[in-house]
2 protein chains.
Amino acid sequence: MSRVGFIGLGLMGKPMSKRILQHGHELVVYNRSRAPIEELVMLGAKAAESPKEVAERSDFIILMLPDSPDVEKIVLGPNGIIEGVRKGIIVIDMSTISPFQEIKIAEILRQKEAYYLDAPVSGSTPAAEAGTLTIMVGGPREAFEKSLPILQCMGKNIHYMGNSGAGQFTKLCNQIAVSLNLLGVCEALLLASKAGLDPLKVIEVVGSGAGASWQLTNLGPKIVIKDFTPGFKAEHLKKDLRILSEVSEQLGVPLFGTMTVYQLVKSLVENGLGKCGTQSLITILEQLSKHRVTAHS
Amino acid sequence: MSRVGFIGLGLMGKPMSKRILQHGHELVVYNRSRAPIEELVMLGAKAAESPKEVAERSDFIILMLPDSPDVEKIVLGPNGIIEGVRKGIIVIDMSTISPFQEIKIAEILRQKEAYYLDAPVSGSTPAAEAGTLTIMVGGPREAFEKSLPILQCMGKNIHYMGNSGAGQFTKLCNQIAVSLNLLGVCEALLLASKAGLDPLKVIEVVGSGAGASWQLTNLGPKIVIKDFTPGFKAEHLKKDLRILSEVSEQLGVPLFGTMTVYQLVKSLVENGLGKCGTQSLITILEQLSKHRVTAHS
């Protein structure tokens with residue numbers, strides 16, 4: 001059994017950290033707000049007062065944080081992980097943040113002989129609870145192999161993708177496909193509805209051929225019945241698309257379609273739907289066309 | 001058994017018409033070029049000298065033509081079907097053309113007490129040969145029901161979608177999903193490759209989650225190994241996207257993403273790749289980024 005630190009007990013981090021406890025590891029937790037710490041302590045975790053203290057008391061440290069500045073502050077800021085690390089410790093960042101930032105942090109930790117893995121996930125809270133997340137990992141292979149027993153508490157499909165940043169780059173590729181498939185679903189259903197077709201029938205027909213996608217099958221019916229319960233929140237997609245816009249600039253990759261989705265998702269969040277599921281993107285197209293997608297009776 | 005006419009013996013029409021013969025129907029054929037007519041006559045079909053003659057000798061007439069002007073000419077032009085129709089005859093247009101054109105032609109034939117169905121297909125030549133096309137039908141329901149034994153010679157999933165034009169509108173919804181999913185695959189693989197990831201590994205990871213699509217699984221690996229053999233030709237996608245641009249104008253449906261794909265596919269065809277498969281779209285993004293997607297060794 002290992003000594004594991006966990007920082008960031010949010011909607012994803014809390015169920016992920018519980019699974020580490022359930023697998024019999026020693027767990028030290030740190031979080032900005034107090035309530036989830038107390039919940040984890042009730043289950044047997046220890047509380048730390050700072051990221052530095054988490055590092056001092058752990059052999060593996062997992063981060064599950066909202067965005068790049070949060071990761072930077074927790075790792076490199078005052079009382080950060082960097083002040084408590086020692087040779088051989090493995091820091092695993094499971095947040096979705098900029099790959100360039102991961103490469104930078106990995107290099108700084110390497111100078112302290114500590115390992116750093118970027119290991120973003122796909123899958124939402126139910127998958128975190130069930131331990132069935134997909135995990136895409138970048139960083140030194142020996143650190144990946146040592147971390148596998150910890151990652152296996154949380155994920156089912158665990159992929160080693162290459163050097164530092166490779167996990168985040170893979171996640172970004174996934175978000176490109178997710179974004180454009182989603183826009184395809186929205187535009188197809190808007191046309192279907194304007195043309196007087198039964199949108200649920202169109203989902204069935206299109207979903208049985210070359211237009212099939214996970215987004216169509218899973219989010220299409222929710223769009224028709226206006227169920228915007230979040231599986232993946234619009235504000236999180238906006239953040240991932242912002243990272244993609246930065247990466248697109250830095251690598252010189254033209255992302256015509258993905259950046260179109262970014263503009264639309266920004267409008268969606270500005271319309272106050274950031275906490276809704278990404279399928280609420282349909283509302284932006286509906287506004288622009290003054291037409292509502294609805295089920296036939 | 002029925003008397004069936006077939007006009008348009010191209011890559012799709014020829015195998016489709018053969019299946020009608022194989023099911024024991026009487027077949028009369030007409031085509032612009034002579035060679036496929038002779039091939040069908042060898043198999044037992046009769047040749048007609050004009051669309052008018054096809055109409056005079058058939059109870060069902062199937063059209064499988066390249067574009068809207070071809071359908072207009074064959075149905076309404078000199079020596080066209082309109083000159084040979086009589087009460088109760090059923091004309092089934094299986095081409096992919098403008099839904100507004102179909103609505104117009106259906107109305108003209110209705111005044112002659114003839115039926116007109118728009119029944120575009122999805123699936124390529126192998127599916128036409130195997131009789132496993134997906135067929136999306138718009139028009140009078142009684143004509144659809146009478147036509148089912150004929151349609152079942154050619155297709156497996158046959159969907160009645162509504163009034164005249166509904167078949168074409170459904171096909172257009174399908175092409176929206178196809179186009180945006182394809183662009184998603186291209187942008188994801190370009191980023192993957194620029195970031196130094198193994199693109200085949202990225203296809204596997206993305207294809208197992210929320211970014212999964214038929215386009216990714218089927219065309220992704222062809223993009224990586226630069227196999228541009230056409231399943232569906234770029235020039236045909238360009239035509240379908242042109243129809244979508246017209247429909248988008250006329251119905252006031254904003255198609256941000258789909259029209260972006262249209263611009264890129266126009267460039268692709270102008271680059272001389274119209275006869276290649278749609279997966280060759282990657283070459284446009286590669287040109288713009290001066291980077292080539294390749295498999296890792």
# chains A, B, ... in the order shown; residues from 1 in each chain; ligands from 1

call {"tool": "residues_around", "arguments": {"residues": "A:Ile203", "least_positions_apart": "5", "cutoff": "9 Å", "atoms": "only C-alpha atoms", "output": "list of chain:residue names"}}
result
A:Val185, A:Ala188, A:Leu189, A:Asp198, A:Ser208, A:Ala212, A:Leu216, A:Thr217, A:Gly220, A:Pro221

call {"tool": "write_last_selection", "arguments": {"atoms": "N, CA and C atoms", "output": "PDB file, in the first residue's frame"}}
result
ATOM      1  N   VAL A 185     -24.309  17.532 -34.445  1.00  0.00           N
ATOM      2  CA  VAL A 185     -25.618  17.115 -33.911  1.00  0.00           C
ATOM      3  C   VAL A 185     -26.563  18.316 -33.863  1.00  0.00           C
ATOM      4  N   ALA A 188     -27.542  19.543 -37.437  1.00  0.00           N
ATOM      5  CA  ALA A 188     -28.417  18.554 -38.086  1.00  0.00           C
ATOM      6  C   ALA A 188     -29.818  18.599 -37.486  1.00  0.00           C
ATOM      7  N   LEU A 189     -29.911  18.705 -36.155  1.00  0.00           N
ATOM      8  CA  LEU A 189     -31.236  18.698 -35.519  1.00  0.00           C
ATOM      9  C   LEU A 189     -31.979  20.001 -35.781  1.00  0.00           C
ATOM     10  N   ASP A 198     -39.283  14.699 -37.939  1.00  0.00           N
ATOM     11  CA  ASP A 198     -39.290  14.264 -36.552  1.00  0.00           C
ATOM     12  C   ASP A 198     -37.828  14.108 -36.109  1.00  0.00           C
ATOM     13  N   SER A 208     -27.477   5.400 -37.547  1.00  0.00           N
ATOM     14  CA  SER A 208     -27.238   4.018 -37.992  1.00  0.00           C
ATOM     15  C   SER A 208     -26.258   3.968 -39.155  1.00  0.00           C
ATOM     16  N   ALA A 212     -22.942   8.556 -37.660  1.00  0.00           N
ATOM     17  CA  ALA A 212     -23.073   8.131 -36.264  1.00  0.00           C
ATOM     18  C   ALA A 212     -21.961   8.700 -35.391  1.00  0.00           C
ATOM     19  N   LEU A 216     -24.173  12.141 -30.920  1.00  0.00           N
ATOM     20  CA  LEU A 216     -25.514  12.053 -31.504  1.00  0.00           C
ATOM     21  C   LEU A 216     -26.398  11.119 -30.681  1.00  0.00           C
ATOM     22  N   THR A 217     -25.872   9.936 -30.380  1.00  0.00           N
ATOM     23  CA  THR A 217     -26.667   8.924 -29.691  1.00  0.00           C
ATOM     24  C   THR A 217     -26.982   9.335 -28.255  1.00  0.00           C
ATOM     25  N   GLY A 220     -28.111  13.771 -28.542  1.00  0.00           N
ATOM     26  CA  GLY A 220     -29.182  14.130 -29.476  1.00  0.00           C
ATOM     27  C   GLY A 220     -30.564  14.087 -28.822  1.00  0.00           C
ATOM     28  N   PRO A 221     -30.944  12.949 -28.215  1.00  0.00           N
ATOM     29  CA  PRO A 221     -32.272  12.881 -27.595  1.00  0.00           C
ATOM     30  C   PRO A 221     -32.459  13.913 -26.482  1.00  0.00           C
TER      31      PRO A 221
END

call {"tool": "select_by_dssp", "arguments": {"residues": "stretch 109-290 of chain A", "states": "strand (DSSP E)", "output": "MDAnalysis selection string"}}
result
chainID A and resid 115:118 121:122 133:138 155:162

call {"tool": "write_last_selection", "arguments": {"atoms": "N, CA and C atoms", "output": "short mmCIF file (atom, residue, chain, number, x, y, z; two decimals), in the first residue's frame"}}
result
data_model
loop_
_atom_site.label_atom_id
_atom_site.label_comp_id
_atom_site.auth_asym_id
_atom_site.auth_seq_id
_atom_site.Cartn_x
_atom_site.Cartn_y
_atom_site.Cartn_z
N TYR A 115 9.24 13.22 -9.98
CA TYR A 115 8.56 12.93 -11.24
C TYR A 115 7.25 13.71 -11.34
N TYR A 116 6.89 14.05 -12.57
CA TYR A 116 5.61 14.72 -12.78
C TYR A 116 4.94 14.08 -13.99
N LEU A 117 3.70 13.62 -13.82
CA LEU A 117 2.92 13.05 -14.94
C LEU A 117 1.72 13.94 -15.21
N ASP A 118 1.41 14.17 -16.49
CA ASP A 118 0.11 14.76 -16.80
C ASP A 118 -0.80 13.61 -17.17
N VAL A 121 -8.32 13.05 -17.57
CA VAL A 121 -9.28 11.95 -17.70
C VAL A 121 -10.40 12.32 -18.65
N SER A 122 -11.06 11.32 -19.19
CA SER A 122 -12.37 11.59 -19.79
C SER A 122 -13.38 10.70 -19.09
N LEU A 133 -12.92 5.77 -15.26
CA LEU A 133 -12.43 6.87 -16.09
C LEU A 133 -11.45 6.37 -17.15
N THR A 134 -11.39 7.09 -18.27
CA THR A 134 -10.29 6.89 -19.22
C THR A 134 -9.18 7.86 -18.82
N ILE A 135 -7.96 7.39 -18.73
CA ILE A 135 -6.83 8.22 -18.29
C ILE A 135 -5.74 8.23 -19.35
N MET A 136 -5.33 9.44 -19.76
CA MET A 136 -4.33 9.60 -20.83
C MET A 136 -3.07 10.20 -20.22
N VAL A 137 -1.98 9.48 -20.25
CA VAL A 137 -0.82 9.85 -19.44
C VAL A 137 0.39 10.25 -20.27
N GLY A 138 1.02 11.36 -19.88
CA GLY A 138 2.30 11.78 -20.45
C GLY A 138 3.33 11.95 -19.36
N GLY A 155 -9.34 4.48 -12.80
CA GLY A 155 -9.66 4.37 -14.22
C GLY A 155 -9.63 2.96 -14.73
N LYS A 156 -10.27 2.76 -15.86
CA LYS A 156 -10.33 1.43 -16.48
C LYS A 156 -9.42 1.40 -17.70
N ASN A 157 -9.57 2.40 -18.60
CA ASN A 157 -8.71 2.45 -19.78
C ASN A 157 -7.61 3.46 -19.51
N ILE A 158 -6.41 2.97 -19.29
CA ILE A 158 -5.29 3.82 -18.90
C ILE A 158 -4.24 3.73 -20.00
N HIS A 159 -3.98 4.89 -20.67
CA HIS A 159 -3.13 4.88 -21.86
C HIS A 159 -1.87 5.70 -21.63
N TYR A 160 -0.71 5.09 -21.86
CA TYR A 160 0.55 5.84 -21.83
C TYR A 160 0.77 6.44 -23.22
N MET A 161 0.81 7.77 -23.32
CA MET A 161 0.82 8.44 -24.62
C MET A 161 2.18 8.99 -25.03
N GLY A 162 3.15 9.09 -24.10
CA GLY A 162 4.47 9.61 -24.47
C GLY A 162 5.01 10.58 -23.42
#

call {"tool": "closest_residue", "arguments": {"among": "B:Ile282, B:Leu288, B:Ala295, B:Leu21", "to": "B:Phe228", "atoms": "only C-alpha atoms"}}
result
B:Ile282

call {"tool": "residues_around", "arguments": {"residues": "stretch 46-62 of chain A", "least_positions_apart": "3", "cutoff": "6 Å", "atoms": "only C-alpha atoms", "output": "list in words"}}
result
Arg3, Val4, Gly5, Phe6, Val28, Val29, Tyr30, Val41, Asn79, Gly80, Ile81, Glu83, Gly84, Val85, Ile89, Ile90, Val91, Ile92 and Asp93 of chain A

call {"tool": "closest_atom_pairs", "arguments": {"of": "chain B", "to": "chain A", "cutoff": "7 Å", "atoms": "only C-alpha atoms", "output": "Markdown table"}}
result
| residue | atom | partner | partner_atom | distance |
| --- | --- | --- | --- | --- |
| B:Met161 | CA | A:Leu197 | CA | 6.8 |
| B:Ala166 | CA | A:Leu197 | CA | 6.7 |
| B:Phe169 | CA | A:Ala195 | CA | 6.8 |
| B:Thr170 | CA | A:Val202 | CA | 6.5 |
| B:Cys173 | CA | A:Ala188 | CA | 4.6 |
| B:Asn174 | CA | A:Val206 | CA | 5.2 |
| B:Ile176 | CA | A:Ala188 | CA | 5.8 |
| B:Ala177 | CA | A:Gly184 | CA | 4.6 |
| B:Val178 | CA | A:Gly211 | CA | 4.5 |
| B:Leu180 | CA | A:Gly184 | CA | 5.3 |
| B:Asn181 | CA | A:Asn181 | CA | 5.0 |
| B:Leu183 | CA | A:Gly257 | CA | 6.9 |
| B:Gly184 | CA | A:Ala177 | CA | 4.6 |
| B:Val185 | CA | A:Ala177 | CA | 6.2 |
| B:Glu187 | CA | A:Leu255 | CA | 6.0 |
| B:Ala188 | CA | A:Cys173 | CA | 4.6 |
| B:Leu191 | CA | A:Val253 | CA | 6.3 |
| B:Ala192 | CA | A:Cys173 | CA | 6.4 |
| B:Ala195 | CA | A:Phe169 | CA | 6.8 |
| B:Leu197 | CA | A:Ala166 | CA | 6.7 |
| B:Val202 | CA | A:Thr170 | CA | 6.5 |
| B:Val206 | CA | A:Asn174 | CA | 5.2 |
| B:Ala210 | CA | A:Trp214 | CA | 5.5 |
| B:Gly211 | CA | A:Val178 | CA | 4.5 |
| B:Ala212 | CA | A:Trp214 | CA | 5.4 |
| B:Ser213 | CA | A:Ser213 | CA | 3.9 |
| B:Trp214 | CA | A:Ala212 | CA | 5.4 |
| B:Gln215 | CA | A:Ala210 | CA | 6.4 |
| B:Gly252 | CA | A:Ser289 | CA | 6.2 |
| B:Val253 | CA | A:Ser289 | CA | 5.7 |
| B:Pro254 | CA | A:Ser289 | CA | 6.5 |
| B:Leu255 | CA | A:Glu187 | CA | 6.0 |
| B:Gly257 | CA | A:Gly257 | CA | 5.9 |
| B:Thr260 | CA | A:Gly257 | CA | 6.7 |
| B:Leu285 | CA | A:Pro254 | CA | 6.7 |
| B:Ser289 | CA | A:Val253 | CA | 5.7 |

call {"tool": "select_by_dssp", "arguments": {"residues": "stretch 118-157 of chain B", "states": "alpha helix (DSSP H)", "output": "list of chain:residue names"}}
result
B:Thr125, B:Pro126, B:Ala127, B:Ala128, B:Glu129, B:Ala130, B:Arg141, B:Glu142, B:Ala143, B:Phe144, B:Glu145, B:Lys146, B:Ser147, B:Leu148, B:Pro149, B:Ile150, B:Leu151, B:Gln152, B:Cys153, B:Met154

call {"tool": "residues_around", "arguments": {"residues": "A:Ala130", "least_positions_apart": "3", "cutoff": "8 Å", "atoms": "only C-alpha atoms", "output": "ChimeraX atom specification"}}
result
/A:126-127,154

call {"tool": "residues_around", "arguments": {"residues": "A:Glu235", "least_positions_apart": "4", "cutoff": "7 Å", "atoms": "only C-alpha atoms", "output": "list in words"}}
result
Lys239, Val269, Gly274 and Lys275 of chain A

call {"tool": "residues_around", "arguments": {"residues": "B:Ser95", "least_positions_apart": "2", "cutoff": "6 Å", "atoms": "only C-alpha atoms", "output": "short mmCIF file (atom, residue, chain, number, x, y, z; two decimals) with N, CA, C and O atoms, in the first residue's frame"}}
result
data_model
loop_
_atom_site.label_atom_id
_atom_site.label_comp_id
_atom_site.auth_asym_id
_atom_site.auth_seq_id
_atom_site.Cartn_x
_atom_site.Cartn_y
_atom_site.Cartn_z
N MET B 64 -31.44 7.68 -60.66
CA MET B 64 -30.21 7.74 -59.86
C MET B 64 -29.22 8.59 -60.64
O MET B 64 -28.39 8.09 -61.41
N LEU B 65 -29.33 9.92 -60.44
CA LEU B 65 -28.64 10.90 -61.30
C LEU B 65 -27.73 11.79 -60.47
O LEU B 65 -27.87 11.88 -59.25
N ASP B 93 -37.17 9.16 -57.07
CA ASP B 93 -35.86 9.77 -57.29
C ASP B 93 -34.93 9.40 -56.15
O ASP B 93 -35.10 9.89 -55.03
N PRO B 120 -33.43 9.46 -51.39
CA PRO B 120 -31.97 9.36 -51.45
C PRO B 120 -31.46 8.26 -50.53
O PRO B 120 -32.16 7.85 -49.60
#

call {"tool": "atom_distance", "arguments": {"atom1": "atom CA of A:Pro230", "atom2": "atom CA of A:Gly10"}}
result
15.1 Å
